[in-house]
file upload.txt (compact mmCIF, C-alpha atoms)
# COMPACT_ATOMS: atom_id res chain seq x y z
CA MET X 1 41.88 -54.96 71.25
CA ILE X 2 43.00 -52.70 68.42
CA ARG X 3 43.97 -54.75 65.37
CA THR X 4 46.66 -53.86 62.84
CA ARG X 5 43.78 -53.65 60.35
CA ASP X 6 42.14 -50.89 62.38
CA LEU X 7 45.37 -48.92 62.65
CA ALA X 8 45.87 -49.19 58.89
CA THR X 9 42.32 -48.18 57.97
CA GLY X 10 42.38 -45.39 60.55
CA GLY X 11 45.60 -44.10 59.02
CA ILE X 12 44.08 -44.12 55.55
CA VAL X 13 41.02 -42.20 56.76
CA ALA X 14 43.29 -39.67 58.47
CA VAL X 15 45.28 -39.15 55.25
CA LEU X 16 42.03 -38.59 53.32
CA ALA X 17 40.87 -36.03 55.87
CA ILE X 18 44.20 -34.19 55.72
CA ALA X 19 44.25 -34.22 51.91
CA SER X 20 40.70 -32.88 51.81
CA ALA X 21 41.61 -30.04 54.18
CA VAL X 22 44.82 -29.18 52.34
CA TYR X 23 43.35 -29.08 48.83
CA ALA X 24 39.84 -27.80 49.56
CA SER X 25 40.74 -24.18 48.81
CA GLN X 26 42.48 -25.10 45.54
CA LEU X 27 39.58 -27.05 44.05
CA PRO X 28 36.66 -25.69 42.02
CA SER X 29 33.31 -25.36 43.78
CA GLU X 30 31.98 -28.37 41.85
CA LEU X 31 34.04 -31.49 41.23
CA ALA X 32 33.84 -33.92 38.35
CA VAL X 33 33.23 -37.24 40.10
CA HIS X 34 31.81 -39.53 37.42
CA PHE X 35 33.02 -40.20 33.90
CA ASP X 36 31.66 -41.82 30.75
CA SER X 37 33.32 -44.60 28.78
CA ALA X 38 35.39 -42.01 26.93
CA GLY X 39 36.73 -40.63 30.19
CA GLU X 40 34.75 -37.40 29.98
CA PRO X 41 33.09 -36.08 33.15
CA ASN X 42 29.31 -36.45 33.16
CA ASN X 43 28.43 -35.79 36.79
CA PHE X 44 29.50 -33.08 39.23
CA VAL X 45 29.16 -32.71 43.00
CA GLN X 46 29.78 -29.80 45.34
CA ALA X 47 33.38 -29.95 46.51
CA GLU X 48 32.58 -29.78 50.24
CA LEU X 49 30.05 -32.59 49.92
CA PHE X 50 32.44 -34.87 48.07
CA LEU X 51 35.46 -34.20 50.27
CA ALA X 52 33.58 -34.72 53.53
CA GLY X 53 31.39 -37.52 52.17
CA ASN X 54 34.27 -39.60 50.90
CA VAL X 55 36.13 -39.36 54.20
CA LEU X 56 32.96 -40.50 55.98
CA LEU X 57 32.52 -43.28 53.42
CA ALA X 58 36.03 -44.62 54.04
CA ALA X 59 35.49 -44.42 57.80
CA GLY X 60 32.09 -46.10 57.47
CA VAL X 61 33.52 -48.97 55.44
CA ALA X 62 36.25 -49.52 58.02
CA VAL X 63 33.77 -49.51 60.91
CA LEU X 64 31.31 -51.74 59.06
CA PHE X 65 33.90 -54.43 58.39
CA ALA X 66 35.02 -54.25 62.02
CA VAL X 67 31.48 -54.69 63.31
CA LEU X 68 30.20 -57.39 60.95
CA PRO X 69 31.94 -60.38 62.60
CA ARG X 70 30.56 -59.27 65.98
CA VAL X 71 26.94 -59.25 64.85
CA ASP X 72 27.20 -62.34 62.67
CA PRO X 73 25.71 -65.47 64.34
CA LEU X 74 28.58 -67.35 62.67
CA GLY X 75 31.10 -64.60 63.39
CA GLU X 76 33.50 -66.93 65.17
CA ASN X 77 34.20 -68.54 61.80
CA VAL X 78 35.77 -65.30 60.56
CA ALA X 79 38.74 -66.05 62.83
CA GLU X 80 39.52 -68.97 60.50
CA PHE X 81 40.27 -66.55 57.66
CA GLN X 82 41.05 -63.41 59.66
CA THR X 83 44.30 -62.59 57.86
CA VAL X 84 42.81 -62.47 54.37
CA TYR X 85 39.69 -60.77 55.74
CA ASP X 86 41.76 -58.00 57.32
CA GLY X 87 43.83 -57.63 54.16
CA PHE X 88 40.73 -57.22 52.04
CA VAL X 89 39.30 -54.65 54.46
CA VAL X 90 42.46 -52.55 54.26
CA ALA X 91 42.50 -52.89 50.46
CA THR X 92 38.86 -51.79 50.21
CA VAL X 93 39.41 -48.69 52.34
CA ALA X 94 42.60 -47.97 50.40
CA PHE X 95 40.59 -48.24 47.18
CA VAL X 96 38.19 -45.55 48.43
CA GLY X 97 41.24 -43.45 49.27
CA TYR X 98 42.77 -44.04 45.85
CA ILE X 99 39.61 -42.91 44.07
CA HIS X 100 39.50 -39.90 46.40
CA GLY X 101 43.03 -39.01 45.31
CA LEU X 102 42.23 -39.47 41.63
CA VAL X 103 39.23 -37.14 41.84
CA ILE X 104 41.26 -34.48 43.65
CA ALA X 105 44.12 -34.75 41.16
CA TYR X 106 41.79 -34.58 38.15
CA ASN X 107 40.00 -31.52 39.48
CA LEU X 108 43.30 -29.82 40.27
CA GLY X 109 44.00 -29.95 36.56
CA TYR X 110 46.33 -32.94 36.25
CA GLU X 111 45.84 -34.67 32.91
CA PHE X 112 45.47 -38.45 32.87
CA GLY X 113 42.98 -41.07 31.75
CA ILE X 114 40.65 -41.51 34.69
CA LEU X 115 39.39 -44.91 33.54
CA GLU X 116 42.88 -46.20 32.87
CA ALA X 117 43.90 -45.08 36.36
CA THR X 118 40.89 -46.71 37.99
CA VAL X 119 41.19 -50.09 36.26
CA PRO X 120 44.36 -51.40 38.01
CA ALA X 121 43.01 -50.65 41.49
CA THR X 122 39.72 -52.39 40.70
CA ALA X 123 41.59 -55.35 39.25
CA VAL X 124 43.59 -55.66 42.49
CA LEU X 125 40.34 -55.87 44.48
CA TYR X 126 39.10 -58.66 42.23
CA LEU X 127 42.40 -60.50 42.61
CA LEU X 128 42.22 -60.18 46.40
CA LEU X 129 38.69 -61.57 46.35
CA GLY X 130 40.15 -64.86 45.15
CA PRO X 131 41.99 -65.85 48.36
CA LEU X 132 39.28 -64.28 50.53
CA ILE X 133 36.58 -66.42 48.95
CA TYR X 134 38.80 -69.50 48.90
CA ARG X 135 39.54 -69.23 52.62
CA ALA X 136 36.12 -68.01 53.80
CA GLU X 137 34.21 -70.22 56.20
CA GLN X 138 30.44 -70.09 56.63
CA ASN X 139 29.24 -66.67 57.74
CA TRP X 140 26.39 -64.30 56.91
CA PHE X 141 28.27 -61.40 55.35
CA VAL X 142 31.39 -62.48 53.44
CA GLY X 143 31.47 -64.83 50.47
CA ILE X 144 28.82 -66.47 48.32
CA ARG X 145 25.85 -66.33 50.65
CA THR X 146 22.93 -68.21 49.19
CA PRO X 147 20.29 -70.30 51.00
CA TRP X 148 22.12 -73.38 49.79
CA THR X 149 25.66 -72.45 50.89
CA LEU X 150 24.39 -71.32 54.30
CA SER X 151 22.34 -74.50 54.74
CA ASP X 152 25.04 -77.03 53.89
CA GLU X 153 28.73 -76.64 54.77
CA ARG X 154 29.70 -78.99 51.95
CA VAL X 155 27.97 -76.74 49.43
CA TRP X 156 29.64 -73.69 50.95
CA LYS X 157 33.12 -75.17 50.72
CA GLN X 158 32.84 -76.55 47.21
CA THR X 159 31.15 -73.45 45.81
CA HIS X 160 33.85 -71.21 47.26
CA ARG X 161 36.73 -73.44 46.19
CA HIS X 162 35.51 -73.45 42.60
CA THR X 163 34.55 -69.78 42.44
CA ALA X 164 37.72 -68.28 43.95
CA PRO X 165 39.92 -68.78 40.85
CA LEU X 166 37.25 -67.14 38.70
CA PHE X 167 37.58 -63.87 40.61
CA ALA X 168 41.31 -63.99 40.03
CA LEU X 169 40.52 -64.39 36.33
CA ALA X 170 38.14 -61.42 36.57
CA GLY X 171 41.03 -59.36 37.91
CA VAL X 172 43.22 -60.33 34.97
CA LEU X 173 40.43 -59.54 32.50
CA ALA X 174 39.83 -56.19 34.19
CA LEU X 175 43.41 -55.20 33.45
CA GLY X 176 42.50 -55.39 29.78
CA GLY X 177 40.74 -52.07 30.35
CA VAL X 178 44.15 -50.39 30.50
CA LEU X 179 44.92 -51.52 26.94
CA ALA X 180 41.37 -51.02 25.67
CA PRO X 181 39.77 -48.13 27.63
CA GLU X 182 36.68 -48.27 25.42
CA LEU X 183 35.99 -51.74 26.87
CA ALA X 184 36.98 -50.89 30.44
CA VAL X 185 33.44 -50.58 31.80
CA LEU X 186 32.42 -53.93 30.31
CA LEU X 187 35.57 -55.65 31.52
CA LEU X 188 35.08 -54.29 35.01
CA THR X 189 31.40 -55.15 35.36
CA VAL X 190 30.47 -58.14 33.19
CA PRO X 191 32.89 -60.84 34.48
CA PRO X 192 32.11 -60.36 38.21
CA THR X 193 28.39 -60.21 37.46
CA VAL X 194 28.54 -63.46 35.50
CA ILE X 195 30.61 -65.08 38.25
CA ALA X 196 28.19 -63.97 40.97
CA VAL X 197 25.14 -65.31 39.12
CA GLY X 198 26.94 -68.47 38.07
CA SER X 199 28.16 -69.23 41.59
CA ALA X 200 24.64 -68.85 42.98
CA LEU X 201 23.29 -71.29 40.40
CA TYR X 202 26.18 -73.65 41.05
CA SER X 203 25.42 -73.66 44.78
CA PHE X 204 21.82 -74.63 44.03
CA VAL X 205 22.92 -77.51 41.79
CA LEU X 206 25.35 -78.72 44.45
CA TYR X 207 22.70 -78.56 47.15
CA ARG X 208 20.33 -80.68 45.11
CA ARG X 209 23.14 -83.13 44.44
CA PHE X 210 24.08 -83.44 48.12
CA ASN X 211 20.48 -83.37 49.29
CA PRO X 212 18.34 -85.24 46.76
CA ALA X 213 14.61 -84.95 47.31

call {"tool": "encode", "arguments": {"input": "upload.txt", "output": "structure tokens"}}
result
Amino acid sequence: MIRTRDLATGGIVAVLAIASAVYASQLPSELAVHFDSAGEPNNFVQAELFLAGNVLLAAGVAVLFAVLPRVDPLGENVAEFQTVYDGFVVATVAFVGYIHGLVIAYNLGYEFGILEATVPATAVLYLLLGPLIYRAEQNWFVGIRTPWTLSDERVWKQTHRHTAPLFALAGVLALGGVLAPELAVLLLTVPPTVIAVGSALYSFVLYRRFNPA
């Protein structure tokens, strides 16, 4: 059965493919695709490679998220948080599309701060991670998957309930990159890294508490 999620992600991929075809002839042969902390381009890729590759990337992400619950031994649990899962999938594919659009616009000569434009979209993904993690039930691919959360449902639930608000906080902190572009890279990368490491350690502590030797 085709899900609304699949129609939405398919539509996004189609828009990317159309945009790539429409603007291909107007773009330089090499596109600026990566930028330093000052917003200056520091890496270039052949236009055809980027345009085709990004469409395939968006399609691949959509297909991957559709397949994962089917190959997961605990895949039936995804149905318990299907709505937020589908929403996050669409948001992730849309994020790829948004970056695709930014790169095209920049290389067409439009002037804007690439980091400042990227920050809000990344912050939205972090904010959406909050409800996804909060609602996630045990599975092998989505959430905080450590040996301890996968071995004990109590550890899974408590780790996810306590970690979810932190990702929402990471989204708020990421927005600070709009006001302070020089700190954007740090604000986008450090909080989620700290949260990921901290949640793994927290799950270990909980497991030892629930399962004393």

call {"tool": "closest_atom_pairs", "arguments": {"input": "upload.txt", "of": "segment 111-159 of chain X", "to": "segment 69-80 of chain X", "cutoff": "12 Å", "atoms": "all atoms listed in the file", "output": "tab-separated table"}}
result
residue	atom	partner	partner_atom	distance
X:Leu132	CA	X:Val78	CA	10.7
X:Ile133	CA	X:Val78	CA	11.7
X:Tyr134	CA	X:Glu80	CA	11.6
X:Arg135	CA	X:Glu80	CA	7.9
X:Ala136	CA	X:Val78	CA	7.3
X:Glu137	CA	X:Asn77	CA	5.8
X:Gln138	CA	X:Asn77	CA	6.6
X:Asn139	CA	X:Leu74	CA	5.0
X:Trp140	CA	X:Asp72	CA	6.1
X:Phe141	CA	X:Asp72	CA	7.5
X:Val142	CA	X:Val78	CA	8.8
X:Gly143	CA	X:Val78	CA	11.0
X:Leu150	CA	X:Leu74	CA	10.2

call {"tool": "closest_residue", "arguments": {"input": "upload.txt", "among": "X:Ser203, X:Thr146, X:Asn107, X:Thr83", "to": "Gln46 of chain X", "atoms": "only C-alpha atoms"}}
result
X:Asn107

call {"tool": "closest_residue", "arguments": {"input": "upload.txt", "among": "X:Val13, X:Leu166, X:Ile114, X:Leu51", "to": "Val90 of chain X", "atoms": "only C-alpha atoms"}}
result
X:Val13

call {"tool": "closest_residue", "arguments": {"input": "upload.txt", "among": "X:Ala47, X:Leu56, X:Asp86, X:Leu169", "to": "Ala32 of chain X", "atoms": "only C-alpha atoms"}}
result
X:Ala47

call {"tool": "atom_distance", "arguments": {"input": "upload.txt", "atom1": "atom CA of Phe88 of chain X", "atom2": "atom CA of Asn43 of chain X"}}
result
29.0 Å

call {"tool": "atom_distance", "arguments": {"input": "upload.txt", "atom1": "atom CA of Phe44 of chain X", "atom2": "atom CA of Tyr106 of chain X"}}
result
12.4 Å

call {"tool": "atom_distance", "arguments": {"input": "upload.txt", "atom1": "atom CA of Gly53 of chain X", "atom2": "atom CA of Gly11 of chain X"}}
result
17.1 Å

call {"tool": "decode", "arguments": {"input": "upload.txt", "residues": "segment 93-186 of chain X", "atoms": "C-alpha atoms", "output": "PDB file, in the first residue's frame"}}
result
ATOM      1  CA  VAL X  93      13.998  14.212   2.226  1.00  0.00           C
ATOM      2  CA  ALA X  94      12.747  17.806   2.170  1.00  0.00           C
ATOM      3  CA  PHE X  95      15.979  18.864   3.870  1.00  0.00           C
ATOM      4  CA  VAL X  96      17.994  17.254   1.062  1.00  0.00           C
ATOM      5  CA  GLY X  97      15.772  19.116  -1.392  1.00  0.00           C
ATOM      6  CA  TYR X  98      16.228  22.393   0.456  1.00  0.00           C
ATOM      7  CA  ILE X  99      20.018  22.091   0.357  1.00  0.00           C
ATOM      8  CA  HIS X 100      19.749  21.186  -3.322  1.00  0.00           C
ATOM      9  CA  GLY X 101      17.824  24.402  -3.922  1.00  0.00           C
ATOM     10  CA  LEU X 102      20.296  26.491  -1.933  1.00  0.00           C
ATOM     11  CA  VAL X 103      23.238  25.172  -3.946  1.00  0.00           C
ATOM     12  CA  ILE X 104      21.467  25.851  -7.235  1.00  0.00           C
ATOM     13  CA  ALA X 105      20.474  29.357  -6.154  1.00  0.00           C
ATOM     14  CA  TYR X 106      23.972  30.194  -4.921  1.00  0.00           C
ATOM     15  CA  ASN X 107      25.586  29.008  -8.136  1.00  0.00           C
ATOM     16  CA  LEU X 108      23.070  30.931 -10.223  1.00  0.00           C
ATOM     17  CA  GLY X 109      24.471  34.060  -8.618  1.00  0.00           C
ATOM     18  CA  TYR X 110      21.918  34.848  -5.925  1.00  0.00           C
ATOM     19  CA  GLU X 111      23.576  36.505  -2.945  1.00  0.00           C
ATOM     20  CA  PHE X 112      22.764  35.213   0.526  1.00  0.00           C
ATOM     21  CA  GLY X 113      24.540  33.759   3.535  1.00  0.00           C
ATOM     22  CA  ILE X 114      24.664  30.036   2.874  1.00  0.00           C
ATOM     23  CA  LEU X 115      25.256  29.130   6.523  1.00  0.00           C
ATOM     24  CA  GLU X 116      22.488  31.387   7.748  1.00  0.00           C
ATOM     25  CA  ALA X 117      20.142  29.767   5.223  1.00  0.00           C
ATOM     26  CA  THR X 118      21.148  26.250   6.233  1.00  0.00           C
ATOM     27  CA  VAL X 119      20.825  26.735   9.991  1.00  0.00           C
ATOM     28  CA  PRO X 120      17.002  27.008  10.269  1.00  0.00           C
ATOM     29  CA  ALA X 121      16.416  23.837   8.236  1.00  0.00           C
ATOM     30  CA  THR X 122      18.911  21.901  10.357  1.00  0.00           C
ATOM     31  CA  ALA X 123      17.327  23.260  13.530  1.00  0.00           C
ATOM     32  CA  VAL X 124      13.922  22.004  12.352  1.00  0.00           C
ATOM     33  CA  LEU X 125      15.342  18.495  11.925  1.00  0.00           C
ATOM     34  CA  TYR X 126      16.705  18.584  15.472  1.00  0.00           C
ATOM     35  CA  LEU X 127      13.342  19.792  16.773  1.00  0.00           C
ATOM     36  CA  LEU X 128      11.546  16.984  14.944  1.00  0.00           C
ATOM     37  CA  LEU X 129      13.935  14.459  16.452  1.00  0.00           C
ATOM     38  CA  GLY X 130      12.450  15.287  19.843  1.00  0.00           C
ATOM     39  CA  PRO X 131       8.969  13.764  19.300  1.00  0.00           C
ATOM     40  CA  LEU X 132      10.413  10.963  17.156  1.00  0.00           C
ATOM     41  CA  ILE X 133      12.753   9.852  19.930  1.00  0.00           C
ATOM     42  CA  TYR X 134      10.108  10.354  22.610  1.00  0.00           C
ATOM     43  CA  ARG X 135       7.602   8.148  20.788  1.00  0.00           C
ATOM     44  CA  ALA X 136      10.029   5.542  19.415  1.00  0.00           C
ATOM     45  CA  GLU X 137       9.577   1.964  20.554  1.00  0.00           C
ATOM     46  CA  GLN X 138      12.356  -0.623  20.502  1.00  0.00           C
ATOM     47  CA  ASN X 139      13.728  -1.186  17.012  1.00  0.00           C
ATOM     48  CA  TRP X 140      17.124  -1.629  15.390  1.00  0.00           C
ATOM     49  CA  PHE X 141      17.351   1.509  13.273  1.00  0.00           C
ATOM     50  CA  VAL X 142      15.598   4.513  14.836  1.00  0.00           C
ATOM     51  CA  GLY X 143      16.429   6.064  18.182  1.00  0.00           C
ATOM     52  CA  ILE X 144      19.183   5.547  20.734  1.00  0.00           C
ATOM     53  CA  ARG X 145      20.314   2.057  19.845  1.00  0.00           C
ATOM     54  CA  THR X 146      22.844   0.798  22.337  1.00  0.00           C
ATOM     55  CA  PRO X 147      23.322  -2.759  23.659  1.00  0.00           C
ATOM     56  CA  TRP X 148      21.606  -1.636  26.843  1.00  0.00           C
ATOM     57  CA  THR X 149      18.501  -0.011  25.320  1.00  0.00           C
ATOM     58  CA  LEU X 150      18.011  -2.967  22.973  1.00  0.00           C
ATOM     59  CA  SER X 151      18.442  -5.463  25.812  1.00  0.00           C
ATOM     60  CA  ASP X 152      16.004  -3.921  28.291  1.00  0.00           C
ATOM     61  CA  GLU X 153      12.747  -2.193  27.335  1.00  0.00           C
ATOM     62  CA  ARG X 154      12.795  -0.198  30.571  1.00  0.00           C
ATOM     63  CA  VAL X 155      16.193   1.239  29.672  1.00  0.00           C
ATOM     64  CA  TRP X 156      14.961   2.028  26.163  1.00  0.00           C
ATOM     65  CA  LYS X 157      11.901   3.901  27.383  1.00  0.00           C
ATOM     66  CA  GLN X 158      13.599   5.911  30.095  1.00  0.00           C
ATOM     67  CA  THR X 159      16.614   6.804  27.957  1.00  0.00           C
ATOM     68  CA  HIS X 160      14.374   8.036  25.155  1.00  0.00           C
ATOM     69  CA  ARG X 161      12.015   9.950  27.438  1.00  0.00           C
ATOM     70  CA  HIS X 162      14.910  11.832  28.999  1.00  0.00           C
ATOM     71  CA  THR X 163      16.843  12.429  25.787  1.00  0.00           C
ATOM     72  CA  ALA X 164      13.985  13.685  23.599  1.00  0.00           C
ATOM     73  CA  PRO X 165      13.766  17.173  25.185  1.00  0.00           C
ATOM     74  CA  LEU X 166      17.521  17.596  24.757  1.00  0.00           C
ATOM     75  CA  PHE X 167      17.209  17.334  20.974  1.00  0.00           C
ATOM     76  CA  ALA X 168      14.548  20.017  21.077  1.00  0.00           C
ATOM     77  CA  LEU X 169      17.040  22.134  23.012  1.00  0.00           C
ATOM     78  CA  ALA X 170      19.679  21.361  20.374  1.00  0.00           C
ATOM     79  CA  GLY X 171      17.297  22.739  17.761  1.00  0.00           C
ATOM     80  CA  VAL X 172      16.860  25.963  19.706  1.00  0.00           C
ATOM     81  CA  LEU X 173      20.625  26.300  20.183  1.00  0.00           C
ATOM     82  CA  ALA X 174      21.191  25.664  16.486  1.00  0.00           C
ATOM     83  CA  LEU X 175      19.059  28.684  15.659  1.00  0.00           C
ATOM     84  CA  GLY X 176      21.703  30.771  17.393  1.00  0.00           C
ATOM     85  CA  GLY X 177      23.776  30.231  14.251  1.00  0.00           C
ATOM     86  CA  VAL X 178      21.505  32.701  12.451  1.00  0.00           C
ATOM     87  CA  LEU X 179      22.479  35.458  14.889  1.00  0.00           C
ATOM     88  CA  ALA X 180      26.113  34.366  15.183  1.00  0.00           C
ATOM     89  CA  PRO X 181      27.178  32.783  11.858  1.00  0.00           C
ATOM     90  CA  GLU X 182      30.759  32.470  13.087  1.00  0.00           C
ATOM     91  CA  LEU X 183      29.486  29.986  15.688  1.00  0.00           C
ATOM     92  CA  ALA X 184      27.042  28.205  13.387  1.00  0.00           C
ATOM     93  CA  VAL X 185      29.191  25.131  12.773  1.00  0.00           C
ATOM     94  CA  LEU X 186      29.796  24.631  16.495  1.00  0.00           C
TER      95      LEU X 186
END
